[in-house]
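To start, the structure under review is shown below, and the notes come after it.
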Amino acid sequence: MLSVALAGKPNAGKSTFYKAATMADVDVGNYPFTTIDPNRGVTHARTRCPCLDREERCGNCEGGVRYVPVELLDVAGLVPGAHEGRGLGNQFLDALTDADVILAVVDAAGGTNAEGEPVEVGTYDPVEEADFVEVELEQWLVGIIERNWESVVRKSRSPDFDIDEALTEMLTGFGATEYDVAASLRALDYPDDPQQWSDEDQERLARDIRQRTKPIVLVANKADIAPPENLERLAKSDKPVIPTTADGELALRNATEAGIVEYLPGDEDFEVVGDVSDAQMQGLETIREVMSERGGTGVQRAIDTAVYDVLDMVTAYPVQNETKWTDGTGEMLPDAFLLARGSTPKDLAFAVHSDIGEGYLHAVDARSKRRIAEDYELEEGDVIKIVSTAS
């Protein structure tokens with residue numbers, strides 16, 4: 001499953017975001033290190049369900065809105081110097097190793113300082129932490145490279161030494177694939193002899209690997225109480241920036257569970273359908289004003305931006321019956337898989353099951369009912385019948 005991680009300083013709202021996005025039972029508190037051990041849960045990316053192209057709905061979506069599961073990881077708050085071990089920083093950074101993309105949560109209201117301690121709203125500059133997670137990750141990776149460099153140097157004395165292989169072996173432990181390392185090394189100029197590498201060479205390698213393996217989306221949280229100028233300045237970041245109110249999203253999720261409102265995560269508005277007090281209605285209307293201004297609470301948009309825009313994933317739907325778009329039990333569009341853009345029907349087959357992939361014969365586009373080429377690149381919303389010796 002695709003893994004999205006939440007990272008940032010304490011009290012920026014990561015745990016509230018996590019609870020709102022997963023509805024898991026976690027501690028949410030206004031004190032440092034509310035989270036110690038990483039929380040792992042399931043959230044969802046939102047997309048258009050292909051059943052909208054048919055007369056009937058599939059039963060696996062919400063009126064044509066499809067939610068595709070992804071893992072959400074909530075890492076404890078990082079403090080400046082985390083890569084040096086401050087605040088158990090190395091432990092928390094280690095937890096990000098397997099993440100595919102990071103949502104860096106920033107207190108856009110400026111109501112917490114660099115250490116995550118509460119201060120008066122607007123007195124701390126959130127732009128100061130816009131690059132915080134990125135810097136800590138890169139410096140942490142520099143430290144890993146430095147600590148392992150002597151081993152690379154020793155290996156270089158062997159007659160069959162290959163520096164690309166040695167670096168790949170070292171960096172795949174960070175969550176990088178062989179392809180990532182190869183692409184990074186192709187993009188950089190570096191000495192063949194590891195003894196000739198400078199500190200700058202190692203830093204360039206760390207920076208490039210981080211960019212390839214841990215892209216970052218900036219979540220400007222507490223946007224509902226943030227000074228407008230803070231949001232305007234954060235928007236100038238070189239990373240995607242999503243103004244967010246995790247508190248607002250959590251309130252709507254709770255109200256939906258209580259039958260008070262009708263709301264789908266990612267909607268730009270909601271409908272009050274239950275009895276509410278004057279105070280509750282006032283709170284809901286405040287959330288509605290923020291949603292109207294921002295096009296929603298931002299929580300779902302942040303996840304979707306990470307999955308579909310930054311990672312450039314597409315959603316594909318494997319079926320056994322290309323006419324009815326059903327599986328072997330007659331269930332319509334039962335499964336949705338997130339795959340990297342450029343993936344082929346055979347990649348989808350392997351995503352379903354390794355045996356299906358090993359026995360892959362061909363695939364059929366369920367819309368056109370035509371066989372498609374093995375090198376066909378899947379597009380968002382494709383419905384595909386896979387023909388395999390294992391099916």
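Simple scheme: letters A, B, ... for chains in structure tokens order, numbers from 1 for residues in each chain, numbers from 1 for ligands in the order shown.
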Neighbour list for Arg40 in chain A as a list of chain:residue names, cut-off 9 Å, only C-alpha atoms, skip fewer than 5 positions in-chain:
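The filter keeps A:Glu71, A:Leu72, A:Leu73, A:Asp74, A:Val75.
Within range 244-344 of chain A, the backbone-based DSSP assignment of strand (DSSP E or B) covers Val261, Glu262, Glu271, Val272, Met313, Val314, Thr315, Ala316, Tyr317, Pro318, Val319, Asn321, Thr326, Met332, Phe337, Leu338, Leu339 and Ala340 of chain A.
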Can you write just those residues out, all heavy atoms, as a CSV table (one decimal), in the first residue's frame?
chain,number,residue,atom,x,y,z
A,261,VAL,N,-24.5,16.0,10.2
A,261,VAL,CA,-24.3,16.6,8.8
A,261,VAL,C,-24.1,15.5,7.8
A,261,VAL,O,-23.8,14.3,8.2
A,261,VAL,CB,-23.1,17.5,8.8
A,261,VAL,CG1,-23.2,18.6,9.9
A,261,VAL,CG2,-21.8,16.7,9.0
A,262,GLU,N,-24.4,15.8,6.6
A,262,GLU,CA,-24.0,14.9,5.5
A,262,GLU,C,-22.8,15.6,4.8
A,262,GLU,O,-22.8,16.7,4.3
A,262,GLU,CB,-25.1,14.8,4.5
A,262,GLU,CG,-26.3,13.9,5.0
A,262,GLU,CD,-27.4,13.7,3.9
A,262,GLU,OE1,-27.3,14.3,2.8
A,262,GLU,OE2,-28.3,13.0,4.2
A,271,GLU,N,-24.1,19.6,4.5
A,271,GLU,CA,-25.5,19.9,4.7
A,271,GLU,C,-25.8,19.4,6.2
A,271,GLU,O,-25.5,18.3,6.6
A,271,GLU,CB,-26.4,19.1,3.8
A,271,GLU,CG,-27.9,19.4,4.0
A,271,GLU,CD,-28.8,18.7,3.0
A,271,GLU,OE1,-28.3,18.0,2.1
A,271,GLU,OE2,-30.0,18.8,3.2
A,272,VAL,N,-26.4,20.3,6.9
A,272,VAL,CA,-26.9,20.0,8.3
A,272,VAL,C,-28.2,19.2,8.2
A,272,VAL,O,-29.2,19.7,7.6
A,272,VAL,CB,-27.0,21.3,9.1
A,272,VAL,CG1,-27.5,20.9,10.6
A,272,VAL,CG2,-25.7,22.0,9.2
A,313,MET,N,0.3,9.3,-9.5
A,313,MET,CA,-0.3,8.0,-9.6
A,313,MET,C,-1.6,8.0,-10.4
A,313,MET,O,-2.2,9.0,-10.6
A,313,MET,CB,-0.7,7.5,-8.2
A,313,MET,CG,0.5,7.5,-7.2
A,313,MET,SD,1.9,6.5,-7.6
A,313,MET,CE,1.3,4.9,-7.1
A,314,VAL,N,-2.0,6.8,-10.9
A,314,VAL,CA,-3.3,6.6,-11.6
A,314,VAL,C,-4.0,5.5,-10.9
A,314,VAL,O,-3.4,4.6,-10.3
A,314,VAL,CB,-3.1,6.3,-13.1
A,314,VAL,CG1,-2.4,7.5,-13.8
A,314,VAL,CG2,-2.3,5.0,-13.3
A,315,THR,N,-5.4,5.5,-11.0
A,315,THR,CA,-6.2,4.5,-10.4
A,315,THR,C,-6.7,3.6,-11.5
A,315,THR,O,-7.3,4.0,-12.4
A,315,THR,CB,-7.4,5.1,-9.6
A,315,THR,OG1,-7.0,6.3,-8.9
A,315,THR,CG2,-8.0,4.1,-8.7
A,316,ALA,N,-6.4,2.3,-11.3
A,316,ALA,CA,-6.9,1.3,-12.3
A,316,ALA,C,-7.8,0.2,-11.6
A,316,ALA,O,-7.6,-0.1,-10.4
A,316,ALA,CB,-5.7,0.6,-13.0
A,317,TYR,N,-8.7,-0.3,-12.3
A,317,TYR,CA,-9.7,-1.2,-11.7
A,317,TYR,C,-9.7,-2.5,-12.5
A,317,TYR,O,-10.2,-2.6,-13.6
A,317,TYR,CB,-11.1,-0.6,-11.8
A,317,TYR,CG,-11.2,0.8,-11.1
A,317,TYR,CD1,-10.7,2.0,-11.8
A,317,TYR,CD2,-11.8,0.9,-9.9
A,317,TYR,CE1,-10.8,3.2,-11.1
A,317,TYR,CE2,-11.9,2.2,-9.3
A,317,TYR,CZ,-11.4,3.3,-9.9
A,317,TYR,OH,-11.4,4.5,-9.3
A,318,PRO,N,-9.2,-3.6,-11.9
A,318,PRO,CA,-9.2,-4.9,-12.5
A,318,PRO,C,-10.5,-5.6,-12.4
A,318,PRO,O,-11.1,-5.6,-11.3
A,318,PRO,CB,-8.1,-5.7,-11.8
A,318,PRO,CG,-8.1,-5.0,-10.4
A,318,PRO,CD,-8.5,-3.6,-10.6
A,319,VAL,N,-11.0,-6.2,-13.4
A,319,VAL,CA,-12.3,-7.0,-13.4
A,319,VAL,C,-12.1,-8.3,-14.1
A,319,VAL,O,-11.2,-8.5,-14.9
A,319,VAL,CB,-13.4,-6.1,-14.1
A,319,VAL,CG1,-13.7,-4.9,-13.3
A,319,VAL,CG2,-13.1,-5.8,-15.5
A,321,ASN,N,-15.1,-9.7,-15.7
A,321,ASN,CA,-16.1,-9.7,-16.7
A,321,ASN,C,-16.0,-8.3,-17.3
A,321,ASN,O,-16.4,-7.3,-16.7
A,321,ASN,CB,-17.5,-10.0,-16.1
A,321,ASN,CG,-18.5,-10.0,-17.2
A,321,ASN,OD1,-18.6,-9.2,-18.1
A,321,ASN,ND2,-19.4,-11.1,-17.1
A,326,THR,N,-17.4,-6.7,-13.5
A,326,THR,CA,-17.5,-7.4,-12.2
A,326,THR,C,-16.4,-8.4,-12.0
A,326,THR,O,-15.7,-8.8,-13.0
A,326,THR,CB,-18.9,-8.2,-12.2
A,326,THR,OG1,-19.0,-9.1,-13.3
A,326,THR,CG2,-20.1,-7.2,-12.2
A,332,MET,N,-19.4,-5.5,-8.7
A,332,MET,CA,-19.0,-4.5,-9.7
A,332,MET,C,-17.9,-3.6,-9.2
A,332,MET,O,-17.9,-3.1,-8.1
A,332,MET,CB,-20.2,-3.6,-10.1
A,332,MET,CG,-19.9,-2.6,-11.2
A,332,MET,SD,-21.4,-1.7,-11.6
A,332,MET,CE,-20.8,-0.5,-12.8
A,337,PHE,N,-6.7,0.0,-7.7
A,337,PHE,CA,-5.2,0.0,-7.4
A,337,PHE,C,-4.6,1.3,-7.8
A,337,PHE,O,-4.8,1.8,-8.9
A,337,PHE,CB,-4.6,-1.2,-8.1
A,337,PHE,CG,-4.9,-2.5,-7.5
A,337,PHE,CD1,-6.0,-3.2,-7.9
A,337,PHE,CD2,-4.0,-3.1,-6.5
A,337,PHE,CE1,-6.3,-4.4,-7.3
A,337,PHE,CE2,-4.3,-4.3,-6.0
A,337,PHE,CZ,-5.5,-5.0,-6.3
A,338,LEU,N,-3.7,1.8,-7.0
A,338,LEU,CA,-2.9,3.0,-7.3
A,338,LEU,C,-1.6,2.5,-7.9
A,338,LEU,O,-0.8,1.8,-7.3
A,338,LEU,CB,-2.6,3.9,-6.1
A,338,LEU,CG,-3.9,4.6,-5.6
A,338,LEU,CD1,-3.6,5.2,-4.2
A,338,LEU,CD2,-4.2,5.8,-6.5
A,339,LEU,N,-1.3,3.0,-9.1
A,339,LEU,CA,0.0,2.6,-9.8
A,339,LEU,C,0.6,3.9,-10.3
A,339,LEU,O,0.0,4.9,-10.7
A,339,LEU,CB,-0.3,1.7,-10.9
A,339,LEU,CG,-1.0,0.3,-10.6
A,339,LEU,CD1,-1.5,-0.4,-11.8
A,339,LEU,CD2,0.1,-0.6,-9.9
A,340,ALA,N,2.0,3.8,-10.4
A,340,ALA,CA,2.7,5.0,-11.0
A,340,ALA,C,2.3,5.2,-12.4
A,340,ALA,O,2.2,4.2,-13.2
A,340,ALA,CB,4.2,4.7,-10.8
With 12 Å as the cut-off and only C-alpha atoms counted, what is the closest atom pair between each nearby residue of range 256-350 of chain A and range 193-217 of chain A? Distances in Å to one decimal, ordered by chain and number, as CSV.
residue,atom,partner,partner_atom,distance
A:Val299,CA,A:Val217,CA,11.8
A:Arg301,CA,A:Val217,CA,10.8
A:Ala302,CA,A:Val217,CA,7.4
A:Ile303,CA,A:Val217,CA,9.0
A:Asp304,CA,A:Val217,CA,10.5
A:Thr305,CA,A:Val217,CA,7.7
A:Ala306,CA,A:Val217,CA,6.4
A:Val307,CA,A:Val217,CA,10.2
A:Tyr308,CA,A:Val217,CA,11.9
A:Asp309,CA,A:Val217,CA,10.0
A:Val310,CA,A:Pro215,CA,7.2
A:Leu311,CA,A:Pro215,CA,8.0
A:Asp312,CA,A:Pro215,CA,11.5
So, with only C-alpha atoms as the atoms that count, which of A:Phe350, A:Phe17, A:Tyr263, A:Trp140 lies closest to Asp94 in chain A?
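Of A:Phe350, A:Phe17, A:Tyr263, A:Trp140, the one nearest Asp94 in chain A is A:Trp140, counting only C-alpha atoms.
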Residue nearest Glu380 in chain A among A:Ala351, A:Val273, A:Val133, A:Ala336 (counting only C-alpha atoms):
A:Ala336
Mind checking which residues fall within 10 Å of Leu167 in chain A, counting only C-alpha atoms, ignoring those fewer than 4 positions away in the same chain, and posting them as a ChimeraX atom specification?
/A:145,148-149,152,162-163,171-172,178,181-182,185,194,205
Contacts of Cys51 in chain A at 10 Å or less, counting only C-alpha atoms, minus same-chain residues fewer than 2 places along, as a JSON list (two decimals) with C-alpha atoms, in the first residue's frame?
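part17.json written:
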[["chain", "number", "residue", "atom", "x", "y", "z"],
["A", 48, "ARG", "CA", -13.97, 9.74, -9.77],
["A", 49, "CYS", "CA", -15.43, 6.22, -9.89],
["A", 53, "ASP", "CA", -19.98, 5.98, -17.00],
["A", 54, "ARG", "CA", -22.66, 3.31, -16.53],
["A", 55, "GLU", "CA", -26.34, 3.43, -15.66],
["A", 56, "GLU", "CA", -25.91, 1.93, -12.17],
["A", 57, "ARG", "CA", -23.56, 2.70, -9.29],
["A", 58, "CYS", "CA", -21.10, 0.03, -8.24],
["A", 59, "GLY", "CA", -21.78, -0.06, -4.51],
["A", 60, "ASN", "CA", -18.10, 0.51, -3.73],
["A", 61, "CYS", "CA", -18.21, 4.30, -4.01],
["A", 63, "GLY", "CA", -22.44, 8.30, -5.34],
["A", 64, "GLY", "CA", -19.61, 8.16, -7.83],
["A", 65, "VAL", "CA", -16.87, 9.35, -5.46],
["A", 66, "ARG", "CA", -14.28, 6.59, -5.04],
["A", 325, "TRP", "CA", -17.26, -4.81, -14.96],
["A", 332, "MET", "CA", -18.99, -4.49, -9.70],
["A", 333, "LEU", "CA", -15.63, -2.70, -9.61],
["A", 381, "GLY", "CA", -9.98, 5.34, -14.30],
["A", 383, "VAL", "CA", -11.15, -0.67, -16.17]]
CA of Met23 in chain A and CA of Leu250 in chain A, how far apart in Å?
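Straight-line distance from CA of Leu250 in chain A to CA of Met23 in chain A works out to 8.1 Å.
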Rounded to one decimal in Å, what is the spacing between CA of Pro126 in chain A and CA of Asp269 in chain A?
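That distance, rounded to one decimal, is 27.8 Å.
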Env of Ser151 in chain A: 10 Å cut, atoms = only C-alpha atoms, seq-sep filter 5 positions within chain, self excluded. Answer as a CSV table (one decimal) with N, CA, C and O atoms, in the first residue's frame.
chain,number,residue,atom,x,y,z
A,146,GLU,N,27.8,9.7,5.7
A,146,GLU,CA,29.1,9.9,6.4
A,146,GLU,C,29.4,8.7,7.2
A,146,GLU,O,30.6,8.2,7.2
A,156,SER,N,36.3,-0.2,-2.0
A,156,SER,CA,37.0,0.3,-3.2
A,156,SER,C,38.3,-0.3,-3.4
A,156,SER,O,38.9,-0.2,-4.5
A,166,ALA,N,28.0,-0.1,-4.8
A,166,ALA,CA,28.3,0.2,-3.4
A,166,ALA,C,27.3,1.2,-2.8
A,166,ALA,O,26.8,1.0,-1.7
A,170,MET,N,24.1,0.9,0.0
A,170,MET,CA,24.0,1.7,1.1
A,170,MET,C,22.6,2.5,1.2
A,170,MET,O,22.0,2.5,2.2
Run DSSP on the backbone and give me the residues of range 174-235 of chain A it puts in helix (DSSP H, G or I), as a PyMOL selection string.
chain A and resi 174+178-187+194-196+199-213+228-234
